[in-house]
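Participant: Provided herewith: input-v7.csv, CSV, C-alpha atoms.
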chain,number,residue,atom,x,y,z
A,1,MET,CA,11.6,-28.6,5.3
A,2,LYS,CA,10.8,-29.9,1.8
A,3,PRO,CA,11.0,-27.6,-1.2
A,4,PHE,CA,7.6,-26.4,-2.6
A,5,LYS,CA,7.2,-27.5,-6.2
A,6,PHE,CA,5.1,-25.4,-8.5
A,7,LYS,CA,4.4,-26.2,-12.2
A,8,GLN,CA,7.3,-24.2,-13.6
A,9,PHE,CA,9.6,-23.6,-10.7
A,10,THR,CA,10.6,-24.9,-7.2
A,11,VAL,CA,11.0,-22.9,-4.1
A,12,GLU,CA,13.4,-23.9,-1.3
A,13,GLN,CA,12.1,-22.4,2.0
A,14,ASP,CA,14.1,-24.1,4.8
A,15,ARG,CA,16.0,-20.8,5.6
A,16,CYS,CA,13.0,-18.5,5.6
A,17,ALA,CA,11.0,-17.6,8.7
A,18,MET,CA,7.8,-17.3,6.6
A,19,LYS,CA,7.0,-20.3,4.5
A,20,ILE,CA,5.0,-20.5,1.3
A,21,GLY,CA,1.4,-19.7,2.2
A,22,THR,CA,-2.0,-19.1,0.6
A,23,ASP,CA,-1.7,-15.3,0.9
A,24,GLY,CA,1.4,-14.9,-1.2
A,25,VAL,CA,0.3,-17.3,-3.9
A,26,LEU,CA,-3.1,-15.7,-4.1
A,27,LEU,CA,-1.6,-12.2,-4.5
A,28,GLY,CA,0.9,-13.4,-7.1
A,29,ALA,CA,-1.8,-15.0,-9.2
A,30,TRP,CA,-4.4,-12.1,-8.7
A,31,VAL,CA,-2.3,-9.1,-9.4
A,32,PRO,CA,-3.1,-7.8,-12.9
A,33,ILE,CA,0.0,-7.8,-15.1
A,34,ASP,CA,-0.3,-6.9,-18.8
A,35,ASP,CA,2.1,-6.0,-21.6
A,36,THR,CA,2.5,-2.4,-20.4
A,37,VAL,CA,4.2,-3.6,-17.2
A,38,ASN,CA,7.9,-3.6,-17.9
A,39,SER,CA,9.3,-3.3,-14.3
A,40,ILE,CA,8.1,-5.1,-11.1
A,41,LEU,CA,9.2,-4.9,-7.5
A,42,ASP,CA,8.2,-7.5,-4.9
A,43,ILE,CA,8.5,-5.8,-1.5
A,44,GLY,CA,9.4,-8.2,1.4
A,45,THR,CA,9.9,-11.2,-1.0
A,46,GLY,CA,10.7,-13.9,1.6
A,47,THR,CA,11.2,-17.1,-0.4
A,48,GLY,CA,10.9,-15.1,-3.6
A,49,VAL,CA,7.6,-16.8,-4.6
A,50,ILE,CA,5.7,-13.6,-5.7
A,51,ALA,CA,8.6,-12.4,-7.8
A,52,LEU,CA,8.9,-15.8,-9.4
A,53,MET,CA,5.2,-15.9,-10.2
A,54,ALA,CA,5.4,-12.4,-11.7
A,55,ALA,CA,8.3,-13.5,-13.9
A,56,GLN,CA,6.3,-16.5,-15.1
A,57,ARG,CA,3.3,-14.4,-15.8
A,58,SER,CA,4.9,-11.5,-17.6
A,59,ASN,CA,7.5,-10.4,-20.1
A,60,ALA,CA,8.7,-7.6,-17.8
A,61,GLU,CA,12.4,-7.0,-18.4
A,62,ILE,CA,12.9,-6.1,-14.7
A,63,VAL,CA,11.6,-8.3,-11.9
A,64,ASP,CA,13.2,-7.0,-8.7
A,65,ALA,CA,12.7,-8.1,-5.1
A,66,LEU,CA,13.6,-6.7,-1.7
A,67,GLU,CA,14.3,-8.6,1.5
A,68,ILE,CA,15.7,-7.4,4.8
A,69,ASP,CA,16.4,-10.8,6.5
A,70,THR,CA,19.8,-12.1,5.5
A,71,GLU,CA,19.0,-15.8,5.3
A,72,ALA,CA,15.7,-15.2,3.4
A,73,TYR,CA,17.5,-12.9,1.0
A,74,GLU,CA,20.1,-15.5,0.3
A,75,GLN,CA,17.5,-18.2,-0.2
A,76,ALA,CA,15.5,-15.9,-2.6
A,77,VAL,CA,18.6,-15.3,-4.6
A,78,ASP,CA,19.2,-19.1,-4.9
A,79,ASN,CA,15.5,-19.7,-5.9
A,80,PHE,CA,15.8,-17.0,-8.6
A,81,GLU,CA,19.0,-18.5,-10.0
A,82,THR,CA,17.6,-22.0,-10.3
A,83,SER,CA,14.4,-20.7,-11.9
A,84,PRO,CA,13.8,-20.4,-15.7
A,85,TRP,CA,13.9,-16.6,-15.4
A,86,GLY,CA,17.2,-16.0,-13.5
A,87,ASP,CA,18.3,-13.4,-16.1
A,88,ARG,CA,15.3,-11.1,-15.2
A,89,LEU,CA,15.2,-11.6,-11.4
A,90,PHE,CA,17.3,-9.6,-9.0
A,91,CYS,CA,17.0,-9.3,-5.2
A,92,TYR,CA,18.2,-6.4,-3.1
A,93,HIS,CA,19.2,-7.0,0.5
A,94,ALA,CA,17.8,-3.9,2.3
A,95,SER,CA,14.9,-2.5,4.2
A,96,PHE,CA,12.1,-0.9,2.2
A,97,GLN,CA,12.7,2.4,3.9
A,98,GLU,CA,16.4,2.4,2.9
A,99,PHE,CA,15.5,1.3,-0.6
A,100,PHE,CA,12.9,3.9,-1.5
A,101,GLU,CA,15.1,6.7,-0.1
A,102,GLU,CA,18.1,5.8,-2.1
A,103,ILE,CA,16.8,4.4,-5.4
A,104,ASP,CA,15.9,6.7,-8.3
A,105,ASP,CA,14.3,3.9,-10.3
A,106,GLN,CA,10.5,3.7,-10.8
A,107,TYR,CA,8.4,0.6,-11.3
A,108,ASP,CA,5.2,-0.1,-13.2
A,109,MET,CA,4.0,-2.6,-10.6
A,110,LEU,CA,4.8,-2.9,-6.9
A,111,ILE,CA,3.6,-6.1,-5.1
A,112,SER,CA,3.6,-6.8,-1.4
A,113,ASN,CA,2.4,-9.4,1.0
A,114,PRO,CA,3.5,-7.3,4.0
A,115,PRO,CA,4.1,-8.5,7.6
A,116,PHE,CA,0.9,-7.5,9.3
A,117,TYR,CA,0.5,-9.2,12.6
A,118,ALA,CA,0.2,-6.1,14.8
A,119,GLU,CA,-0.7,-7.8,18.0
A,120,ASP,CA,1.4,-7.1,21.1
A,121,TYR,CA,2.6,-10.6,21.7
A,122,LYS,CA,5.9,-11.9,20.3
A,123,SER,CA,7.1,-15.4,19.9
A,124,LYS,CA,10.5,-16.7,20.9
A,125,ASP,CA,11.5,-16.8,17.2
A,126,ALA,CA,12.8,-13.4,16.4
A,127,LYS,CA,13.1,-14.0,12.7
A,128,ARG,CA,9.6,-15.2,12.4
A,129,ASP,CA,8.5,-12.2,14.4
A,130,MET,CA,10.4,-9.9,12.0
A,131,ALA,CA,8.5,-11.5,9.1
A,132,ARG,CA,5.1,-11.5,10.8
A,133,PHE,CA,4.8,-8.3,12.7
A,134,GLU,CA,3.7,-5.1,11.2
A,135,ASP,CA,6.5,-3.1,13.0
A,136,ALA,CA,8.9,-4.6,10.4
A,137,LEU,CA,7.1,-2.6,7.7
A,138,PRO,CA,4.2,-0.3,8.8
A,139,PHE,CA,1.5,0.3,6.2
A,140,GLU,CA,2.4,4.0,6.3
A,141,HIS,CA,6.0,3.3,5.2
A,142,LEU,CA,4.8,0.9,2.5
A,143,LEU,CA,2.4,3.4,1.0
A,144,VAL,CA,4.7,6.5,1.2
A,145,GLY,CA,7.5,4.5,-0.4
A,146,ALA,CA,5.1,3.2,-3.1
A,147,SER,CA,4.1,6.7,-4.0
A,148,ARG,CA,7.7,7.6,-4.6
A,149,LEU,CA,8.6,4.4,-6.6
A,150,LEU,CA,5.6,4.1,-8.9
A,151,SER,CA,5.8,5.3,-12.5
A,152,ASP,CA,3.1,7.6,-13.7
A,153,LYS,CA,0.7,4.8,-14.6
A,154,GLY,CA,2.2,2.4,-12.0
A,155,GLN,CA,0.1,0.3,-9.6
A,156,LEU,CA,0.5,-1.2,-6.1
A,157,ALA,CA,-1.0,-4.6,-5.2
A,158,MET,CA,-1.1,-5.9,-1.7
A,159,ILE,CA,-2.9,-8.4,0.6
A,160,ILE,CA,-3.9,-7.4,4.1
A,161,PRO,CA,-6.2,-8.5,6.9
A,162,TYR,CA,-9.8,-7.5,6.1
A,163,LYS,CA,-10.0,-5.5,9.3
A,164,GLU,CA,-7.3,-3.2,8.1
A,165,GLU,CA,-8.9,-2.5,4.7
A,166,GLN,CA,-10.4,1.0,5.4
A,167,ARG,CA,-7.3,2.2,7.3
A,168,VAL,CA,-5.0,1.2,4.4
A,169,ILE,CA,-7.3,2.9,1.9
A,170,ASP,CA,-7.3,6.1,4.0
A,171,ILE,CA,-3.5,6.1,4.3
A,172,ALA,CA,-3.2,5.5,0.6
A,173,GLN,CA,-5.4,8.5,-0.3
A,174,GLN,CA,-3.2,10.7,1.8
A,175,VAL,CA,-0.2,9.9,-0.5
A,176,GLY,CA,-2.3,10.2,-3.7
A,177,LEU,CA,-3.1,6.6,-4.3
A,178,PHE,CA,-6.6,5.3,-4.9
A,179,PRO,CA,-8.2,1.9,-4.9
A,180,LYS,CA,-8.9,0.5,-8.4
A,181,LYS,CA,-9.7,-3.1,-7.5
A,182,ILE,CA,-10.8,-4.7,-4.2
A,183,THR,CA,-11.1,-8.5,-3.8
A,184,ARG,CA,-12.3,-9.8,-0.4
A,185,VAL,CA,-11.2,-13.3,0.4
A,186,LYS,CA,-13.2,-16.0,2.4
A,187,GLY,CA,-11.9,-19.5,3.2
A,188,ALA,CA,-15.4,-20.9,2.8
A,189,PRO,CA,-18.9,-19.7,1.9
A,190,ILE,CA,-20.1,-19.3,5.5
A,191,ALA,CA,-16.8,-18.0,6.8
A,192,ASP,CA,-16.0,-14.4,7.7
A,193,ILE,CA,-14.0,-12.4,5.2
A,194,LYS,CA,-10.3,-12.8,6.3
A,195,ARG,CA,-8.2,-11.0,3.8
A,196,THR,CA,-8.5,-8.1,1.3
A,197,MET,CA,-6.4,-7.8,-1.9
A,198,LEU,CA,-6.1,-4.2,-3.0
A,199,LEU,CA,-4.9,-2.6,-6.2
A,200,PHE,CA,-4.0,1.1,-6.0
A,201,GLY,CA,-3.1,3.6,-8.7
A,202,TYR,CA,-2.8,7.4,-9.0
A,203,ASN,CA,-6.1,8.1,-10.7
A,204,THR,CA,-9.5,8.0,-9.1
A,205,SER,CA,-11.9,5.8,-11.1
A,206,SER,CA,-14.7,3.4,-10.5
A,207,ILE,CA,-13.6,0.6,-8.2
A,208,ASP,CA,-14.0,-3.0,-9.2
A,209,VAL,CA,-15.1,-4.9,-6.0
A,210,ASP,CA,-15.6,-8.6,-5.8
A,211,GLU,CA,-15.3,-11.6,-3.5
A,212,LEU,CA,-13.2,-14.8,-3.7
A,213,ILE,CA,-14.1,-18.0,-1.8
A,214,ILE,CA,-11.3,-20.5,-1.6
A,215,GLU,CA,-13.2,-23.7,-0.7
A,216,ASN,CA,-16.8,-24.9,-0.9
A,217,THR,CA,-16.0,-27.6,1.6
A,218,ARG,CA,-12.7,-29.0,3.0
A,219,HIS,CA,-10.3,-29.5,0.1
A,220,GLN,CA,-13.1,-28.9,-2.4
A,221,TYR,CA,-11.8,-25.8,-4.1
A,222,THR,CA,-14.1,-23.3,-5.8
A,223,GLN,CA,-13.8,-22.9,-9.6
A,224,GLU,CA,-12.7,-19.3,-9.2
A,225,TYR,CA,-9.8,-20.3,-6.9
A,226,ILE,CA,-8.8,-23.1,-9.3
A,227,ASP,CA,-8.9,-20.8,-12.3
A,228,LEU,CA,-6.8,-18.3,-10.4
A,229,THR,CA,-4.0,-20.7,-9.2
A,230,LYS,CA,-4.0,-23.5,-11.8
A,231,ASP,CA,-1.0,-22.2,-13.7
A,232,PHE,CA,1.1,-22.6,-10.5
A,233,TYR,CA,-0.2,-25.4,-8.2
A,234,LEU,CA,0.7,-28.9,-9.3
A,235,LYS,CA,-2.6,-30.4,-8.3
A,236,MET,CA,-5.0,-27.7,-9.7
Give the structure from this file in structure tokens form.
Facilitator:
Amino acid sequence: MKPFKFKQFTVEQDRCAMKIGTDGVLLGAWVPIDDTVNSILDIGTGTGVIALMAAQRSNAEIVDALEIDTEAYEQAVDNFETSPWGDRLFCYHASFQEFFEEIDDQYDMLISNPPFYAEDYKSKDAKRDMARFEDALPFEHLLVGASRLLSDKGQLAMIIPYKEEQRVIDIAQQVGLFPKKITRVKGAPIADIKRTMLLFGYNTSSIDVDELIIENTRHQYTQEYIDLTKDFYLKM
């Protein structure tokens, strides 16, 4: 498995069940990070790509990550250490449930590309199943934990299947988190909406809703997608 080269960093991924994919890069580029964000946590970091993107995009002093799988955790640590931001990046080896019950710290931004394949079938690759299936991190656990870890003005960004959008919004409201931005993602103009990117915060406010199309035709990317990812992908 070749390393994945971005403009400012390289990600080794041979030991991770879940490889670099469009979802993670989209979320890492989309999440709004401004100068008020001083602490970031990437939940279920895998290769570490979202945390690395957050470090590139921000001056946050703390960019933490969390990974339950041992080999993915070790690979994320290696990827952090070889990046230009190794002094700001730190990875915890724990489940999210353990983490939010034991940690007193709070974060200004939580980001998660959670494992969300909730279908009944399992493959023969247990590690890939752990990374892919929602039972590794149910949305309920993610949102309850987020409500405990977020600072007063903190926000949670996540990417989920579009069919789960309303369910996740409903769960979030039960723990006092409300949608602030919703971006629905389509692969092509005539394709169905496949993913939703959600930004939650504590305050109810008007919701910014938009749509992102990745390609006009095969390998002909839309200007919106290029603008979003050009700081990262080599060929954008």
Participant: Provide the CA of Cys16 in chain A to CA of Pro84 in chain A distance in Å, to one decimal place.
Facilitator: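 Result for CA of Cys16 in chain A versus CA of Pro84 in chain A: 21.4 Å, one decimal.
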Participant: Out of A:Ser58, A:Met1, A:Ser112, A:Leu156, which residue has the shortest atom-to-atom distance to Val25 in chain A when counting only C-alpha atoms?
Facilitator: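 Looking at the shortest contact to Val25 in chain A, the residue is A:Ser112.
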Participant: Please return, as a PDB file with C-alpha atoms, in the frame of the given file, all polymer residues that have at least one atom within 10 Å of the point (-11.1, -16.1, -7.9); use all atoms listed in the file and the file's own coordinate frame.
Facilitator:
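Saved file result.pdb follows:
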ATOM      1  CA  LEU A  26      -3.100 -15.700  -4.100  1.00  0.00           C
ATOM      2  CA  ALA A  29      -1.800 -15.000  -9.200  1.00  0.00           C
ATOM      3  CA  TRP A  30      -4.400 -12.100  -8.700  1.00  0.00           C
ATOM      4  CA  THR A 183     -11.100  -8.500  -3.800  1.00  0.00           C
ATOM      5  CA  ARG A 184     -12.300  -9.800  -0.400  1.00  0.00           C
ATOM      6  CA  VAL A 185     -11.200 -13.300   0.400  1.00  0.00           C
ATOM      7  CA  ASP A 210     -15.600  -8.600  -5.800  1.00  0.00           C
ATOM      8  CA  GLU A 211     -15.300 -11.600  -3.500  1.00  0.00           C
ATOM      9  CA  LEU A 212     -13.200 -14.800  -3.700  1.00  0.00           C
ATOM     10  CA  ILE A 213     -14.100 -18.000  -1.800  1.00  0.00           C
ATOM     11  CA  ILE A 214     -11.300 -20.500  -1.600  1.00  0.00           C
ATOM     12  CA  THR A 222     -14.100 -23.300  -5.800  1.00  0.00           C
ATOM     13  CA  GLN A 223     -13.800 -22.900  -9.600  1.00  0.00           C
ATOM     14  CA  GLU A 224     -12.700 -19.300  -9.200  1.00  0.00           C
ATOM     15  CA  TYR A 225      -9.800 -20.300  -6.900  1.00  0.00           C
ATOM     16  CA  ILE A 226      -8.800 -23.100  -9.300  1.00  0.00           C
ATOM     17  CA  ASP A 227      -8.900 -20.800 -12.300  1.00  0.00           C
ATOM     18  CA  LEU A 228      -6.800 -18.300 -10.400  1.00  0.00           C
ATOM     19  CA  THR A 229      -4.000 -20.700  -9.200  1.00  0.00           C
TER      20      THR A 229
END
Participant: So the first atom is CA of Ile171 in chain A and the second is CA of Thr45 in chain A; what is the distance between them in Å, to one decimal place?
Facilitator: 22.5 Å
Participant: For CA of Ser95 in chain A and CA of Asn113 in chain A, determine how far apart the two atoms are, in Å to one decimal place.
Facilitator: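 Distance reported for this atom pair: 14.6 Å.
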Participant: Between A:Ala188, A:Leu142, A:Ala76, A:Val49, which one has atoms that come closest to Gln97 in chain A, using all atoms listed in the file?
Facilitator: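 Among the listed residues, A:Leu142 lies closest to Gln97 in chain A.
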Participant: Choose the residue, out of A:Ile182, A:Leu52, A:Val168, A:Ala72, that has the smallest atom-to-atom separation from Gly86 in chain A; count all atoms listed in the file.
Facilitator: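 Smallest separation from Gly86 in chain A among the options: A:Leu52.
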Participant: Of the candidates A:Asp42, A:Glu74, A:Glu67, A:Glu81, which shows the shortest atom-to-atom distance to Leu110 in chain A, using only C-alpha atoms?
Facilitator: A:Asp42
Participant: What lies within 10 Å of range 102-108 of chain A using only C-alpha atoms, ignoring chain neighbours under 4 positions off, as an NGL selection string?
Facilitator: :A and (33 or 36-41 or 60 or 62-64 or 96-98 or 146-156)
Participant: Output C-alpha atoms for every residue in that selection, as a short mmCIF file (atom, residue, chain, number, x, y, z; two decimals), in the coordinates of the input.
Facilitator:
data_model
loop_
_atom_site.label_atom_id
_atom_site.label_comp_id
_atom_site.auth_asym_id
_atom_site.auth_seq_id
_atom_site.Cartn_x
_atom_site.Cartn_y
_atom_site.Cartn_z
CA ILE A 33 0.00 -7.80 -15.10
CA THR A 36 2.50 -2.40 -20.40
CA VAL A 37 4.20 -3.60 -17.20
CA ASN A 38 7.90 -3.60 -17.90
CA SER A 39 9.30 -3.30 -14.30
CA ILE A 40 8.10 -5.10 -11.10
CA LEU A 41 9.20 -4.90 -7.50
CA ALA A 60 8.70 -7.60 -17.80
CA ILE A 62 12.90 -6.10 -14.70
CA VAL A 63 11.60 -8.30 -11.90
CA ASP A 64 13.20 -7.00 -8.70
CA PHE A 96 12.10 -0.90 2.20
CA GLN A 97 12.70 2.40 3.90
CA GLU A 98 16.40 2.40 2.90
CA ALA A 146 5.10 3.20 -3.10
CA SER A 147 4.10 6.70 -4.00
CA ARG A 148 7.70 7.60 -4.60
CA LEU A 149 8.60 4.40 -6.60
CA LEU A 150 5.60 4.10 -8.90
CA SER A 151 5.80 5.30 -12.50
CA ASP A 152 3.10 7.60 -13.70
CA LYS A 153 0.70 4.80 -14.60
CA GLY A 154 2.20 2.40 -12.00
CA GLN A 155 0.10 0.30 -9.60
CA LEU A 156 0.50 -1.20 -6.10
#
Participant: Write out as a CSV table (one decimal) with C-alpha atoms, in the coordinates of the input the residues lying within 10 Å of Asn203 in chain A, counting only C-alpha atoms and excluding same-chain residues fewer than 6 positions away.
Facilitator:
chain,number,residue,atom,x,y,z
A,152,ASP,CA,3.1,7.6,-13.7
A,153,LYS,CA,0.7,4.8,-14.6
A,176,GLY,CA,-2.3,10.2,-3.7
A,177,LEU,CA,-3.1,6.6,-4.3
A,178,PHE,CA,-6.6,5.3,-4.9
A,179,PRO,CA,-8.2,1.9,-4.9
A,180,LYS,CA,-8.9,0.5,-8.4
Participant: Counting all atoms listed in the file, what is within 6 Å of Leu66 in chain A, bar same-chain residues fewer than 3 positions away, as a PyMOL selection string?
Facilitator: chain A and resi 43-45+91-92
